[in-house]
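Undergrad: Just dropping this structure here.
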Amino acid sequence: MSDPNAGGTSETASQKSTKDGSLPTGSSPQLPEMQQEAEEEAKQQLSAHMSYKYEELRSRASVSPGLDIPEDLLHLSHSFGFDSRRRANLGVLDDSTLIFIAGNLMVLLDVHAQEQRFLRSSGGGGIGAIAVHPSREFFAVAEKGTSPDIIVYEYPSLRPGRILRGGTRHRYSCVSFNHDGSLLASVGGEPDFLLTLWDWRREEVQSFQATSQEVHRVSFSHYDQELLTTAGCRHINFWKLSTTFTGFKLEKLAGHFGNSVASDIEGVLELPDGEVVSGTEWGNLLLWDGNSIKAEICCKDGRSCHSGTAQPFALEGGKLLTFGSDGAVRSWDFERISSFTCDGGGSRLEVEPINELVVGRHVCLSSVVKSSLPGSSVWFAQDSNGGIWNLDLSFSPSAADPRRLLSCPSGPIKGLDVSKTSHLMATTALDCSVRVFDLLAKREVTSSCFNQGGTALSWAPLTVNQKGGLLVTGFEDGVVRLLELRADSGVSAEEHTRLHLKQALKPHSAAVTAVAFQPDGHILATGSEDQTVFFFTVGEACHPLGFIHVPGPVQALEWSPDSHLPQNGRRLLILCRSGHALEVESPDLEAERSPQSFHLPELPRRCFGFSSITSRMKRPAGTSRPQTERMKIRREEVEKQEGEKPQPPGPLLCGFYSEPGQFWLSMGGFDSGYLYHCKFSEDQSEEPCRRQDEPFDFLLVSGADDDPICSMTFSSSRQLLLCGMHSGTIRVYPLRPGDLAPADMQAYWALSVHDNHYGHLRHIRCSFDDLFVLTAGDDGNIFSFSRVPPEESQRGLQRQRARIPSPRQAYQETESSAVDIQDPEAFSLEAAKQKQDQDLLRRKADQKAAQTRIQLAELREKFKLVLAENQHLPERVRLTPEELNPLLYEKAKRMTAERVMKVRQQMAKEQERCSMALRKLQEWSKSSSEALSVITVVGVRSGIRVSTYHVSANTEHRPHRRASATEAPPDSEEPEADPADSAATQEAAEKQVPRPPVPPPPRVRGRGQDTVRLRKVAERAERVRATMERRRQEWARLYAEKPQEDFEDPLDVLEIQEAKKNIGDVIVVKPPTMCAEGKKEEWNAWEEKIIQQKSEMNRRITNLRDAKIRLVSWLSAQAKRLQKIHHGLGTDLRRSPPPLPSMSPEEMPERKLQCSSATLDGYRAPTRRAGTEQEVPPGADSSLKAEEKDKQERNERTLSLSASSELREEEQLTPLEKELQQEEEIRRLHQQDTLLQQMESSISRFDSELLLLRQQKVRLDIHLKQADLHLLTLFQETVILGSFEEREASLQEKLNRIVEERRSIEFQLQGYSEQLKQRRRVIEELQEDEEALAADFQASVAENHHYEDLLTKIFKKKAARKKKEKRAGSPSEEDSDDSLEDWDGCIDSDMEEEDGSSVDDKVCPTGCDPDLFRKILQLRERRWDLEEMLVEAGKSADALKKESDGLITKGKVLKSSQQRIEEEVELINKDKLQKMKQVEVVVPFRLHQIQFLSNGSVPSDLSEALVLDKSEMDRLRRRVQQLQVEKEAEEGRLLQAQRQRSRLIRENKEMTVRLQELEKQCNELMMLKYGRLLDVEALLSMSGQKKLDKLKEEKLLLEAEHAKELKRWKAKVEEARHALWDATEQNTGVLRSTVHLTDQKKELRSKLSSRQKNMDKLQFQDHRRLEDREDIRKLQELVQAQEQQAQALLRRIHLLSSKEGCVLPPETTRLPPLAPAHGPLPSTRGRPLRGHDD
């Protein structure tokens, strides 16, 4: 809102600040005695010079170019919300006006009239904080965004007075004025947290300082203007404002909590004595003295001052006032607090409050501000739970009660919907409230609170409730409530309207996230975070139908529109937050339901699982391509990147139906920035959770990569698509008639409304007549926008109010309020039904259990009778217990096994411990006894015996290992050094090598008197020198890369050397270096190989022994089966089995270590007898044998008795029984034959396997014997090598020492080489300086100068300085002469005088310029300095050269010593090899391998024979063929290399000729330009002519000035061209408007005349006639207004025609009609205007 009288001068004071936050000279802080005068002067300056225009500053709606949507599409009507959870979001401007932040707006609320005024933010990024000036004449608005501003507005004019820029990067967190209002402090948010002190009247930064944590509060002291306090997240800082000569300076003192717990501090209060009181999170107060806590203030007995966060806010009347999040305001005795003295750290001050005011229940105070009336005790309080309170803190008996001035939702708005018949809006939020607002009256109609927060809301359609007052609301605990909006009977609807609870249901176990009515009103669907959707039938009450499960938490529900009914019927689109979309058919109301559950598994459905394509998708370059082309591009891109792993989809935010089976989705996260067009697949066989479906089309949403669409809605006419963005912005997209979605999402209308950081716009709705647009966000703000300007809206709707549904007749008498569900843990519908079914099942189970017990008792009695009858039967037909009840017997066995298993589990640990101890003992016994380690397997019938090898684990028989252990050096046990470690050790050794001291390069002792005049020349010379140095380095690099004349490829050299060594097909192999350690390692490898082979054979023999054990066990089992078969056969029919084998002790030696129960008993018995001192009787063994014999006799007697009984029974058998007995005998004979055949085959198979294993063992014995012979050879070689080991070790030690010394010398030589290079560079630089000095002399003395010879002599005169006395040990004169001779190029011979005549250099010659003479003397002094430095550099270079020569000589000596030692080592190796060749080696041969024959027979002496490997002979034959191939390949390579060499020689010659030509051309150009050959570097480094340089500089300045002037004139020409074009377009538009207005005037006149004639003929009633007359009067006023507008346009045309420039002639074509200037025409009560075609 701007003031039309705002000043037109928009002068902005420049911001003057330095890097350290200080002001320039002259801007020192005001002294206390000068503050009043400076404030008056600043006010005078403000009113006279400074003002801004609000309309130019405020942010506006953005409209895409070419979009036919007006900028003022939406007009802000009212703000129904309040961001109550924002810190310090309340200010007082006067006794009736409050100011607070609402999203991107500043709201000025008149608390008496309840009217609002608004100020928009300037940047559109939101508002961070506000502060009111102490005089109430200004208020500061600190914004958010990129480099936000602080705007200081005047009040009540609301003109922007000052703009403060550059205080932070992204947002301001808090601002505050000081006590007199001269300074403003601001604190930025993340990432800089910058504290800035402003002189806001001058728009200047006084000082700034960065902090490291989030600051919640900044406050100036009311008693000392130099003290400042900031507090925030776990910190508090105390600042002192000091004055320096450059301005203000902030000094920080960080607060230390000491023994107290660090707390977030929301409020602080400065006390008169300099102390500070701050609040805490736990409700107590902290008293700060300096930067430490003096005391913690609490109530008696350690009770906290407040429940929750506490904040001090005022000091009045000797009382300290505090408030807390518990909704209470308390006053404390300040005198007692200020007089408290602490004894030590961590003191606690217990004080009881003097007065207390409890504002109300569920009140959470976060900030308070005092009324602007002087002497008033009224304060305004901000309630974080949604409201503003008026508090009287006088604490007197007559004080007024707290009064709520504003009530609104708190926290994010979770549900919003509008009435279908009236301008009513309903919302619900997490503050447990449901509110209804009147959009026309701009007030809250009614509200209701519940025990849980609201999460979803929907207004029922008229088909459900004809009154239009039914609301369905979902809550956090899964409860769905049906609320009916109506007025109480007998009272005014405007005053007593309430929400009556009609029904409460709990279909879900988690928060309800979506509710949706079927368009015909028959079914209600609810979705929840518990991944279910519940359906209800709708009537007088809602009855549950059932529910379905979905793959994720439900985000939204949408029923298919009526246009889809003919094809698919009514369907429900379910959008899940996990990216799944489901389409289910409407449940059949007549179908039968399951009585056990509400689940509807048979409900037809289709699923779509969103698969991200953003990572593979190429965004279209333009929006003008057709849709098919875009899809073609996307498919090609997807095919190219098939291998890429798809990104997981982001959360699904919203969507809507497009066509049957197709829908649009908006995704968040990684997939934001697009609208995806999806459809359900025909293949629905895959599980919904595993589906991966891709959209078939997409729309790129411009500017939405990080700002996805959160909500969408269509206008009633479907001409506009309104979108709510994640950043709190409203976007409007135009729709073409008949389109279900925009053709593209590039052009739009946008307006920032809610907070851009946390005000995500979740809900956007249009009223039933599209007159209002409603938005609600997560910041708690609710805005209503009107589609028409506020003035016209008020005129058109001033006599209307939102219609409240009327109450039903006798409602209170006939119907009572429904029962609400208060318990959050109450059962849901499904859980209640399941519990009911479970209770019923439990009752039935109890009844059945009782009946079962009775039946068991009866069965038990029957079983006893059966047992008695069985006992009376004969024995042959009597049933055994197992046969009598097999199920019971099996159960008993199973129970016994379970008990045994349980006991085993309990004793498992003890069993494992005992088993481990026994196993260790057995292993120790096996290793200690050789007899136990050898196993012999004996054949069953063959008698073959195969024994295992004895493998000893100890190393007693390994002499080489003992020798290596004794002969190894002490450090031999250390691991082998890693190459990297050795390299690091070498580097460390190199670092320890002392380097010679490097003397610093000599410095030029300049005089410093003539530097100003030669500055430009020196700069240019420096640039030239840098260029030349860069070029020189490039040439050096190129020359370094250039190969030398005799360069050879290292690879070729190696190949040649290899070929020379291997010439003649005989590879000359260098004898390997052999040592005792290598032979020992070989010995170990062979021994390990022998042990490995023996172990493998032992394993096979042991496996065969185990197979024999299994065979013996199997044969025993088969013998028992055969014995059972023999019981049913006669003696003559029985066949004896083969003899059963047994395991001999040598086959199982480990049995000696096993102990059985009998062994343990035998061990325990002697122990007991020894303990009781009883002796064993001599006949104990015989008695045991007698007992065993008695047992066998009893068994035989039993068998004979059974046989005799069987014979007796056979005599009594019937024929049928005899026949059955014969059949049984035949079956038994077959079983006997089969068993005997199996036993024979098993025994034969075992014997054959044992025979095969013995043959393999014999072959292995042969190989092992050969290995033993090889070990004997290795032992002899080890003894030989051991004799050379000591001598070889000493030589190797010497060799290592020499190598180390050579490495050290090479390292020192490298350092000396670098120093010599440095000296050479210094000498070259000095020579260059000397040449430049000579060039400067030549430039100063012209060629034909009169005193040229004299000045030259003076300049070249030798130095006459006194030489320093030589010190002892300094180099002799001969050495210096030698050094001068070595560096004869360092001093130019031109410096010496040509003749011996003396020149007087004391007096300037007559006629010579004195300045020139002085300059020559200065140049000579500099030349002498350069000569001295050249001599010194030469001496130091000589010294380095001598030292390096000495090191080179020493290195040569060491090299010769190294060669000598290496030769000795080589001789030792030859001796070792010679002795090792004398060792005899045993090689076994077979006869067919011997081809050394004499007269066809093998000679007795084979000493002359040659032993050769056959594979080696084959290799040599193949080698001959390979060499032939290699020869041909080498010949080809040689031919190719010769060709390449010829080509390179030719190119080299050509390049040489080319270089000569270029050099000749360069010389010719130099002769042409300079007349002689010059050194280019010296020429470029010489100083130029002063006049020429000056002219060049003037030329450059003039060129820059002319370029600026030309650019300025071009801009003026462009502006003039644009102005001409604008004037032409404006003139053309005026002409079109004139023509259109003329046509409208004629039409209106004809309409008016015809209507007057008709009105004379017709007879109407009085009230109809009066309305027509009123319409006629309005039309007449409209005609007059248009006539005035036409006259004004004509005058404007005339004025434009009189100006310079051409005016376009009017077009001959008919112009389009001009839109009415004053909005829509007045209503004609349904009668169309005749003749108006448009």
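Each chain of the structure tokens is named A, B, ... in the order shown, its residues numbered from 1; ligands are numbered from 1 in display order.
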Can you check which parts of stretch 718-814 of chain A lie within 12 Å of stretch 669-680 of chain A? Per residue, the shortest pair of atoms and distance in Å to one decimal, counting only C-alpha atoms, sorted by chain and number, as CSV.
TA:
```
residue,atom,partner,partner_atom,distance
A:Cys723,CA,A:Leu675,CA,11.8
A:Met725,CA,A:Gly673,CA,11.0
A:His726,CA,A:Ser672,CA,10.4
A:Leu740,CA,A:His677,CA,11.7
A:Ala741,CA,A:Leu675,CA,10.0
A:Pro742,CA,A:Leu675,CA,10.2
A:Ala743,CA,A:Leu675,CA,11.2
A:Asp744,CA,A:Leu675,CA,9.6
A:Met745,CA,A:Leu675,CA,8.5
A:Gln746,CA,A:Tyr674,CA,10.8
```
Undergrad: Would you mind listing what lies within 7 Å of A:Trp379 as a list in words, with only C-alpha atoms counted and same-chain residues fewer than 4 positions away left out?
TA: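 Selected residues are Val368, Val369, Lys370, Ser371, Asn390, Leu391 and Asp392 of chain A.
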Undergrad: Would you mind listing what lies within 10 Å of stretch 87-96 of chain A as a PyMOL selection string, with only C-alpha atoms counted and same-chain residues fewer than 4 positions away left out?
TA: chain A and resi 82-83+100-102+108-114+128-139+155-156+173-175+216-217+266-267+366-374+378-382+384+388
Undergrad: Using only C-alpha atoms, which residues sit within 9 Å of A:Glu694 once same-chain residues fewer than 6 positions away are excluded, as a list of chain:residue names?
TA: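 Residues meeting the cut-off are A:Phe608, A:Gly609, A:Phe610, A:Ser611, A:Ser612, A:Ile613, A:Cys678, A:Lys679.
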Undergrad: Okay, now the selection with all heavy atoms, as a compact mmCIF listing (two decimals), in the first residue's frame?
TA:
```txt
# COMPACT_ATOMS: atom_id res chain seq x y z
N PHE A 608 -0.31 -49.29 -10.29
CA PHE A 608 0.77 -48.65 -11.05
C PHE A 608 1.88 -48.31 -10.07
O PHE A 608 1.65 -47.57 -9.10
CB PHE A 608 0.25 -47.39 -11.76
CG PHE A 608 1.32 -46.63 -12.51
CD1 PHE A 608 1.60 -46.92 -13.83
CD2 PHE A 608 2.06 -45.63 -11.89
CE1 PHE A 608 2.58 -46.22 -14.53
CE2 PHE A 608 3.04 -44.94 -12.57
CZ PHE A 608 3.29 -45.24 -13.90
N GLY A 609 3.07 -48.86 -10.30
CA GLY A 609 4.23 -48.55 -9.44
C GLY A 609 5.17 -47.62 -10.18
O GLY A 609 5.79 -48.01 -11.17
N PHE A 610 5.29 -46.40 -9.70
CA PHE A 610 6.06 -45.39 -10.43
C PHE A 610 7.54 -45.76 -10.41
O PHE A 610 8.13 -46.03 -9.37
CB PHE A 610 5.87 -44.01 -9.79
CG PHE A 610 6.55 -42.89 -10.53
CD1 PHE A 610 5.93 -42.26 -11.59
CD2 PHE A 610 7.83 -42.48 -10.17
CE1 PHE A 610 6.55 -41.24 -12.27
CE2 PHE A 610 8.45 -41.46 -10.85
CZ PHE A 610 7.81 -40.84 -11.90
N SER A 611 8.14 -45.76 -11.60
CA SER A 611 9.58 -46.00 -11.76
C SER A 611 10.21 -44.73 -12.29
O SER A 611 9.77 -44.17 -13.29
CB SER A 611 9.82 -47.16 -12.73
OG SER A 611 11.21 -47.35 -12.93
N SER A 612 11.25 -44.26 -11.62
CA SER A 612 11.86 -42.98 -11.97
C SER A 612 12.54 -43.06 -13.34
O SER A 612 13.28 -43.99 -13.62
CB SER A 612 12.88 -42.58 -10.91
OG SER A 612 13.53 -41.39 -11.27
N ILE A 613 12.25 -42.07 -14.18
CA ILE A 613 12.89 -41.97 -15.49
C ILE A 613 13.65 -40.66 -15.60
O ILE A 613 14.15 -40.32 -16.66
CB ILE A 613 11.86 -42.07 -16.62
CG1 ILE A 613 10.84 -40.93 -16.54
CG2 ILE A 613 11.16 -43.40 -16.60
CD1 ILE A 613 9.89 -40.87 -17.70
N CYS A 678 0.51 -41.05 -16.71
CA CYS A 678 0.64 -42.48 -16.47
C CYS A 678 -0.67 -43.17 -16.83
O CYS A 678 -1.73 -42.54 -16.90
CB CYS A 678 0.98 -42.76 -14.99
SG CYS A 678 2.34 -41.77 -14.36
N LYS A 679 -0.56 -44.47 -17.03
CA LYS A 679 -1.75 -45.30 -17.27
C LYS A 679 -1.49 -46.68 -16.70
O LYS A 679 -0.34 -47.12 -16.56
CB LYS A 679 -2.09 -45.37 -18.75
CG LYS A 679 -1.03 -46.04 -19.62
CD LYS A 679 -1.47 -46.07 -21.07
CE LYS A 679 -0.40 -46.71 -21.96
NZ LYS A 679 -0.82 -46.72 -23.38
```
Undergrad: Return as a PDB file with C-alpha atoms, in the first residue's frame the full set of residues in stretch 201-393 of chain A whose backbone-based DSSP assignment is strand (DSSP E).
TA:
```
ATOM      1  CA  GLU A 204      25.286   2.968   6.745  1.00  0.00           C
ATOM      2  CA  VAL A 205      26.924   0.052   8.500  1.00  0.00           C
ATOM      3  CA  GLN A 206      28.488   1.111  11.758  1.00  0.00           C
ATOM      4  CA  SER A 207      30.069  -2.221  12.594  1.00  0.00           C
ATOM      5  CA  PHE A 208      29.608  -5.918  12.019  1.00  0.00           C
ATOM      6  CA  GLN A 209      30.826  -9.159  13.535  1.00  0.00           C
ATOM      7  CA  ALA A 210      30.232 -12.774  12.567  1.00  0.00           C
ATOM      8  CA  VAL A 215      20.777 -16.256  17.222  1.00  0.00           C
ATOM      9  CA  HIS A 216      17.185 -16.013  18.495  1.00  0.00           C
ATOM     10  CA  ARG A 217      17.289 -12.626  20.216  1.00  0.00           C
ATOM     11  CA  VAL A 218      19.319  -9.421  19.973  1.00  0.00           C
ATOM     12  CA  SER A 219      18.709  -6.696  22.551  1.00  0.00           C
ATOM     13  CA  PHE A 220      20.175  -3.324  23.514  1.00  0.00           C
ATOM     14  CA  LEU A 227      25.953  -2.729  25.788  1.00  0.00           C
ATOM     15  CA  LEU A 228      24.345  -5.299  23.521  1.00  0.00           C
ATOM     16  CA  THR A 229      23.264  -8.901  24.163  1.00  0.00           C
ATOM     17  CA  THR A 230      22.643 -11.739  21.722  1.00  0.00           C
ATOM     18  CA  ALA A 231      21.277 -15.146  22.703  1.00  0.00           C
ATOM     19  CA  GLY A 232      20.248 -18.248  20.845  1.00  0.00           C
ATOM     20  CA  HIS A 235      24.857 -19.710  23.776  1.00  0.00           C
ATOM     21  CA  ILE A 236      24.705 -16.116  24.962  1.00  0.00           C
ATOM     22  CA  ASN A 237      27.135 -13.347  23.992  1.00  0.00           C
ATOM     23  CA  PHE A 238      27.681  -9.950  25.574  1.00  0.00           C
ATOM     24  CA  TRP A 239      28.864  -7.150  23.294  1.00  0.00           C
ATOM     25  CA  LYS A 240      30.377  -3.812  24.112  1.00  0.00           C
ATOM     26  CA  LEU A 241      30.218  -0.959  21.609  1.00  0.00           C
ATOM     27  CA  SER A 242      33.466   0.958  21.767  1.00  0.00           C
ATOM     28  CA  THR A 243      34.481   4.069  19.881  1.00  0.00           C
ATOM     29  CA  THR A 244      37.656   4.207  17.797  1.00  0.00           C
ATOM     30  CA  GLY A 247      34.092   4.436  14.031  1.00  0.00           C
ATOM     31  CA  PHE A 248      32.288   1.862  16.150  1.00  0.00           C
ATOM     32  CA  LYS A 249      33.831  -1.460  17.107  1.00  0.00           C
ATOM     33  CA  LEU A 250      32.086  -4.491  18.633  1.00  0.00           C
ATOM     34  CA  GLU A 251      33.917  -6.424  21.331  1.00  0.00           C
ATOM     35  CA  LYS A 252      32.468  -9.860  22.175  1.00  0.00           C
ATOM     36  CA  LEU A 253      32.429 -11.621  25.518  1.00  0.00           C
ATOM     37  CA  ALA A 254      31.080 -15.160  25.261  1.00  0.00           C
ATOM     38  CA  VAL A 268      17.153 -11.756  27.879  1.00  0.00           C
ATOM     39  CA  LEU A 269      16.718  -8.609  29.982  1.00  0.00           C
ATOM     40  CA  GLU A 270      19.461  -6.108  30.867  1.00  0.00           C
ATOM     41  CA  VAL A 276      21.656  -9.692  32.614  1.00  0.00           C
ATOM     42  CA  VAL A 277      18.773 -12.064  33.317  1.00  0.00           C
ATOM     43  CA  SER A 278      18.061 -14.799  30.776  1.00  0.00           C
ATOM     44  CA  GLY A 279      15.573 -17.629  30.542  1.00  0.00           C
ATOM     45  CA  LEU A 285      16.203 -17.901  35.232  1.00  0.00           C
ATOM     46  CA  LEU A 286      19.939 -17.302  34.968  1.00  0.00           C
ATOM     47  CA  LEU A 287      21.546 -14.196  36.452  1.00  0.00           C
ATOM     48  CA  TRP A 288      24.701 -13.269  34.507  1.00  0.00           C
ATOM     49  CA  ASP A 289      27.489 -11.132  35.915  1.00  0.00           C
ATOM     50  CA  SER A 292      29.585 -16.115  33.969  1.00  0.00           C
ATOM     51  CA  ILE A 293      26.473 -17.236  35.808  1.00  0.00           C
ATOM     52  CA  LYS A 294      26.090 -15.494  39.138  1.00  0.00           C
ATOM     53  CA  ALA A 295      23.052 -17.476  40.245  1.00  0.00           C
ATOM     54  CA  GLU A 296      20.246 -19.672  38.996  1.00  0.00           C
ATOM     55  CA  ILE A 297      16.878 -18.280  40.115  1.00  0.00           C
ATOM     56  CA  CYS A 298      14.192 -20.795  41.035  1.00  0.00           C
ATOM     57  CA  ALA A 310      10.904 -19.109  30.706  1.00  0.00           C
ATOM     58  CA  GLN A 311      11.613 -15.579  29.406  1.00  0.00           C
ATOM     59  CA  PRO A 312      12.110 -12.312  31.289  1.00  0.00           C
ATOM     60  CA  PHE A 313      10.611  -9.320  29.486  1.00  0.00           C
ATOM     61  CA  ALA A 314      10.298  -6.234  31.696  1.00  0.00           C
ATOM     62  CA  LEU A 315      11.407  -4.491  34.893  1.00  0.00           C
ATOM     63  CA  GLU A 316       8.619  -2.297  36.271  1.00  0.00           C
ATOM     64  CA  LYS A 319       9.386  -6.136  39.925  1.00  0.00           C
ATOM     65  CA  LEU A 320      10.921  -8.454  37.398  1.00  0.00           C
ATOM     66  CA  LEU A 321       8.256  -9.758  35.002  1.00  0.00           C
ATOM     67  CA  THR A 322       8.583 -13.138  33.308  1.00  0.00           C
ATOM     68  CA  PHE A 323       6.372 -15.351  31.193  1.00  0.00           C
ATOM     69  CA  GLY A 324       6.634 -18.982  30.191  1.00  0.00           C
ATOM     70  CA  ALA A 328       1.585 -17.861  33.141  1.00  0.00           C
ATOM     71  CA  VAL A 329       2.989 -14.361  33.821  1.00  0.00           C
ATOM     72  CA  ARG A 330       4.766 -13.899  37.138  1.00  0.00           C
ATOM     73  CA  SER A 331       6.440 -10.988  38.943  1.00  0.00           C
ATOM     74  CA  TRP A 332       9.520 -11.343  41.170  1.00  0.00           C
ATOM     75  CA  ASP A 333      11.181  -9.186  43.802  1.00  0.00           C
ATOM     76  CA  ARG A 348      21.076 -21.008  43.529  1.00  0.00           C
ATOM     77  CA  LEU A 349      18.689 -18.228  44.530  1.00  0.00           C
ATOM     78  CA  GLU A 350      15.269 -19.401  45.722  1.00  0.00           C
ATOM     79  CA  ASN A 355       2.091 -12.003  41.659  1.00  0.00           C
ATOM     80  CA  GLU A 356       0.851 -14.482  39.114  1.00  0.00           C
ATOM     81  CA  LEU A 357      -1.511 -14.318  36.142  1.00  0.00           C
ATOM     82  CA  VAL A 358      -2.533 -17.530  34.377  1.00  0.00           C
ATOM     83  CA  LEU A 365       3.257 -17.575  25.471  1.00  0.00           C
ATOM     84  CA  SER A 366       6.232 -16.866  23.218  1.00  0.00           C
ATOM     85  CA  SER A 367       6.517 -13.039  23.206  1.00  0.00           C
ATOM     86  CA  VAL A 368       4.871  -9.968  24.790  1.00  0.00           C
ATOM     87  CA  VAL A 369       4.869  -6.301  23.765  1.00  0.00           C
ATOM     88  CA  LYS A 370       3.627  -3.315  25.717  1.00  0.00           C
ATOM     89  CA  VAL A 378      -1.736  -3.396  29.107  1.00  0.00           C
ATOM     90  CA  TRP A 379       0.462  -5.867  27.243  1.00  0.00           C
ATOM     91  CA  PHE A 380      -0.189  -7.854  24.093  1.00  0.00           C
ATOM     92  CA  ALA A 381       0.944 -11.474  24.160  1.00  0.00           C
ATOM     93  CA  GLN A 382       1.647 -13.912  21.330  1.00  0.00           C
ATOM     94  CA  ASP A 383       0.240 -17.385  21.926  1.00  0.00           C
ATOM     95  CA  GLY A 387      -3.833 -16.420  19.163  1.00  0.00           C
ATOM     96  CA  ILE A 388      -3.104 -12.908  20.442  1.00  0.00           C
ATOM     97  CA  TRP A 389      -4.083 -11.911  24.012  1.00  0.00           C
ATOM     98  CA  ASN A 390      -4.724  -8.608  25.751  1.00  0.00           C
ATOM     99  CA  LEU A 391      -3.240  -8.771  29.264  1.00  0.00           C
ATOM    100  CA  ASP A 392      -3.617  -6.320  32.160  1.00  0.00           C
TER     101      ASP A 392
END
```
Undergrad: Name all residues at most 10 Å from A:Val946 (count only C-alpha atoms; drop same-chain ones fewer than 6 positions away) and give them as a VMD selection string.
TA: chain A and resid 935 to 939 1101 1105 1147 1250 to 1251 1253 to 1255 1257 to 1258
